[in-house]
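S.K.: See final_29.pdb below, with PDB, C-alpha atoms and all ligand atoms.
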```pdb
ATOM      1  CA  MET K   1      20.896 -12.486  -3.028
ATOM      2  CA  ALA K   2      19.724  -8.925  -2.609
ATOM      3  CA  SER K   3      17.154  -8.395   0.108
ATOM      4  CA  VAL K   4      14.448  -5.760  -0.092
ATOM      5  CA  ALA K   5      16.461  -3.650   2.331
ATOM      6  CA  ASP K   6      19.392  -3.765  -0.084
ATOM      7  CA  LEU K   7      17.210  -2.374  -2.872
ATOM      8  CA  VAL K   8      15.635   0.593  -1.124
ATOM      9  CA  GLU K   9      18.724   2.748  -0.971
ATOM     10  CA  GLU K  10      17.644   6.350  -0.571
ATOM     11  CA  ARG K  11      18.990   7.629  -3.879
ATOM     12  CA  ALA K  12      17.438   4.750  -5.844
ATOM     13  CA  ILE K  13      14.009   5.324  -4.314
ATOM     14  CA  ARG K  14      14.203   9.058  -4.851
ATOM     15  CA  GLN K  15      14.909   8.399  -8.527
ATOM     16  CA  LEU K  16      12.185   5.791  -8.805
ATOM     17  CA  VAL K  17       9.334   7.881  -7.385
ATOM     18  CA  GLY K  18      10.462  11.415  -8.220
ATOM     19  CA  PRO K  19      11.130  14.363  -5.924
ATOM     20  CA  GLU K  20       7.564  15.256  -4.924
ATOM     21  CA  PRO K  21       6.290  11.788  -3.997
ATOM     22  CA  TYR K  22       9.589  11.256  -2.224
ATOM     23  CA  ALA K  23       9.098  14.381  -0.106
ATOM     24  CA  ASP K  24       5.509  13.314   0.664
ATOM     25  CA  GLY K  25       6.719   9.820   1.515
ATOM     26  CA  LEU K  26       9.355  11.212   3.840
ATOM     27  CA  ALA K  27       6.659  13.185   5.670
ATOM     28  CA  LEU K  28       4.520  10.030   5.975
ATOM     29  CA  ALA K  29       7.480   8.016   7.269
ATOM     30  CA  ASP K  30       8.379  10.725   9.789
ATOM     31  CA  SER K  31       4.798  10.928  11.054
ATOM     32  CA  GLY K  32       4.706   7.194  11.755
ATOM     33  CA  ALA K  33       2.062   6.514   9.103
ATOM     34  CA  VAL K  34       3.727   3.317   7.893
ATOM     35  CA  ARG K  35       2.644   0.116   9.626
ATOM     36  CA  LEU K  36       4.681  -2.915   8.665
ATOM     37  CA  VAL K  37       2.442  -5.946   8.244
ATOM     38  CA  GLU K  38       5.198  -8.271   7.102
ATOM     39  CA  PHE K  39       8.912  -7.551   7.336
ATOM     40  CA  GLY K  40      10.943 -10.281   5.732
ATOM     41  CA  PRO K  41      14.215 -10.197   3.846
ATOM     42  CA  MET K  42      12.602 -10.793   0.452
ATOM     43  CA  THR K  43       9.095  -9.436   0.994
ATOM     44  CA  VAL K  44       7.835  -6.441   2.906
ATOM     45  CA  VAL K  45       4.165  -5.541   3.216
ATOM     46  CA  ALA K  46       2.986  -2.324   4.813
ATOM     47  CA  GLU K  47      -0.166  -0.307   5.271
ATOM     48  CA  VAL K  48       0.149   3.435   5.090
ATOM     49  CA  ALA K  49      -2.232   5.638   7.076
ATOM     50  CA  ASP K  50      -2.969   7.970   4.197
ATOM     51  CA  GLY K  51      -6.639   8.121   3.330
ATOM     52  CA  SER K  52      -9.308   5.478   3.607
ATOM     53  CA  PRO K  53      -8.970   2.653   2.883
ATOM     54  CA  GLU K  54      -5.318   2.727   3.858
ATOM     55  CA  PRO K  55      -3.281   1.716   0.830
ATOM     56  CA  ARG K  56      -1.358  -1.498   1.152
ATOM     57  CA  VAL K  57       2.134  -1.566  -0.307
ATOM     58  CA  GLU K  58       4.147  -4.656  -1.149
ATOM     59  CA  LEU K  59       7.847  -4.654  -1.931
ATOM     60  CA  GLU K  60       9.624  -7.732  -3.159
ATOM     61  CA  SER K  61      13.161  -8.595  -4.133
ATOM     62  CA  LEU K  62      12.845 -10.369  -7.473
ATOM     63  CA  ASP K  63      16.000 -11.458  -9.298
ATOM     64  CA  GLY K  64      17.939  -8.656  -7.679
ATOM     65  CA  GLU K  65      15.395  -6.037  -8.713
ATOM     66  CA  LEU K  66      12.823  -4.263  -6.633
ATOM     67  CA  ALA K  67       9.279  -5.278  -7.522
ATOM     68  CA  TRP K  68       6.473  -3.365  -5.881
ATOM     69  CA  ARG K  69       2.734  -2.811  -5.812
ATOM     70  CA  CYS K  70       0.522  -0.209  -4.200
ATOM     71  CA  GLU K  71      -3.243   0.010  -4.109
ATOM     72  CA  CYS K  72      -3.512   3.758  -4.642
ATOM     73  CA  PRO K  73      -4.401   5.181  -8.096
ATOM     74  CA  GLU K  74      -0.782   6.090  -8.867
ATOM     75  CA  GLY K  75       0.435   2.708  -7.729
ATOM     76  CA  VAL K  76      -2.156   0.843  -9.771
ATOM     77  CA  ALA K  77      -1.037   2.889 -12.780
ATOM     78  CA  GLY K  78       2.513   1.716 -12.147
ATOM     79  CA  LEU K  79       3.824   5.079 -11.014
ATOM     80  CA  GLY K  80       6.114   5.416  -8.036
ATOM     81  CA  CYS K  81       3.900   6.784  -5.276
ATOM     82  CA  ARG K  82       4.445   8.371  -1.886
ATOM     83  CA  HIS K  83       3.404   5.145  -0.149
ATOM     84  CA  LEU K  84       6.176   3.246  -1.855
ATOM     85  CA  ALA K  85       8.603   5.998  -0.870
ATOM     86  CA  ALA K  86       7.371   6.075   2.739
ATOM     87  CA  THR K  87       7.630   2.300   3.105
ATOM     88  CA  ALA K  88      11.053   2.204   1.484
ATOM     89  CA  ILE K  89      12.294   4.912   3.861
ATOM     90  CA  VAL K  90      11.023   2.971   6.874
ATOM     91  CA  ILE K  91      12.675  -0.237   5.626
ATOM     92  CA  TRP K  92      15.897   1.619   5.001
ATOM     93  CA  ARG K  93      15.885   3.078   8.498
ATOM     94  CA  ARG K  94      15.191  -0.298  10.095
ATOM     95  CA  SER K  95      17.736  -2.167   8.036
ATOM     96  CA  PRO K  96      20.558  -3.425  10.259
ATOM     97  CA  ALA K  97      23.230  -3.147   7.577
ATOM     98  CA  ARG K  98      22.771   0.159   5.886
ATOM     99  CA  ARG K  99      25.233  -0.203   3.097
ATOM    100  CA  GLY K 100      26.965   2.842   1.762
ATOM    101  CA  GLU K 101      26.235   4.820   4.887
ATOM    102  CA  GLN K 102      28.781   5.544   7.531
TER     103      GLN K 102
HETATM  104 ZN    ZN K 201       0.531   4.355  -3.267
END
```
As structure tokens, how would this structure be written, given the file I've shared?

M.R.:
Amino acid sequence: MASVADLVEERAIRQLVGPEPYADGLALADSGAVRLVEFGPMTVVAEVADGSPEPRVELESLDGELAWRCECPEGVAGLGCRHLAATAIVIWRRSPARRGEQ
């Protein structure tokens, strides 16, 4: 079964959130703003130091698809946000088996 790390491939996330939130998310990930609260194969929860209160992001592998939630206005509206991108980038970087990359 696909783990969350399998579903956050860079190209997929870039497509999901769009170029601008992706660039913002990359900056957040690079600045160490993402704090992983829970890092499991099927569920990842993170808090992103971006404003107050810090938005909490949840990513879940559900039937081979990526399900996600974020507390920010974009996330609540169902739009891919920079927090989702930042968390996905951090997961991707920490993933032991980065498929498709060599
Ligand atoms: Zn968000």

S.K.: Residues up to 10 Å from ligand ZN 201 (chain K), counting only C-alpha atoms and all ligand atoms: could you list those as a list in words?

M.R.: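 Selection of residues at most 10 Å from ligand ZN 201 (chain K): Pro21, Gly25, Glu47, Val48, Asp50, Glu54, Pro55, Arg56, Val57, Glu58, Arg69, Cys70, Glu71, Cys72, Pro73, Glu74, Gly75, Val76, Ala77, Gly78, Leu79, Gly80, Cys81, Arg82, His83, Leu84, Ala85, Ala86 and Thr87 of chain K.
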
S.K.: State, in Å with one decimal place, the distance from atom CA of K:Val45 to atom CA of K:Val4.

M.R.: 10.8 Å

S.K.: Here is a test: counting all atoms listed in the file, which residue of K:Leu7, K:Ile89, K:Ala27, K:Ala33 is nearest to K:Gly64?

M.R.: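 Residue with the minimum atom-to-atom distance to K:Gly64: K:Leu7.
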
S.K.: Which of these, K:Leu59, K:Asp6, K:Ala88, K:Glu65, has the shortest distance to K:Val44 once you count only C-alpha atoms?

M.R.: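 Of K:Leu59, K:Asp6, K:Ala88, K:Glu65, the one nearest K:Val44, counting only C-alpha atoms, is K:Leu59.
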
S.K.: What separation in Å, quoted to one decimal, exists between atom CA of K:Asp30 and atom CA of K:Ser61?

M.R.: 24.3 Å

S.K.: So, with all atoms listed in the file as the atoms that count, which of K:Glu60, K:Arg14, K:Glu20, K:Ala29 lies closest to K:Pro41?

M.R.: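 Among the listed residues, the smallest separation from K:Pro41 belongs to K:Glu60.
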
S.K.: For K:Leu36, which residue among K:Val90, K:Ile13, K:Leu62, K:Ala23 is the nearest when counting only C-alpha atoms?

M.R.: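 Using only C-alpha atoms, the shortest distance to K:Leu36 belongs to K:Val90.
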
S.K.: What does the distance from atom CA of K:Gly40 to atom CA of K:Pro96 come to in Å, to one decimal?

M.R.: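 Atom-to-atom, atom CA of K:Gly40 to atom CA of K:Pro96, that is 12.6 Å.
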
S.K.: Closest to K:Arg94 among K:Ala46, K:Gly32, K:Phe39, K:Asp63, using all atoms listed in the file?

M.R.: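 With all atoms listed in the file as the atom set, the closest residue is K:Phe39.
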
S.K.: Find the residue from K:Trp68, K:Glu38, K:Arg93, K:Leu26 that sits nearest to K:Glu9; use only C-alpha atoms when measuring.

M.R.: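 Among the listed residues, K:Arg93 lies closest to K:Glu9.
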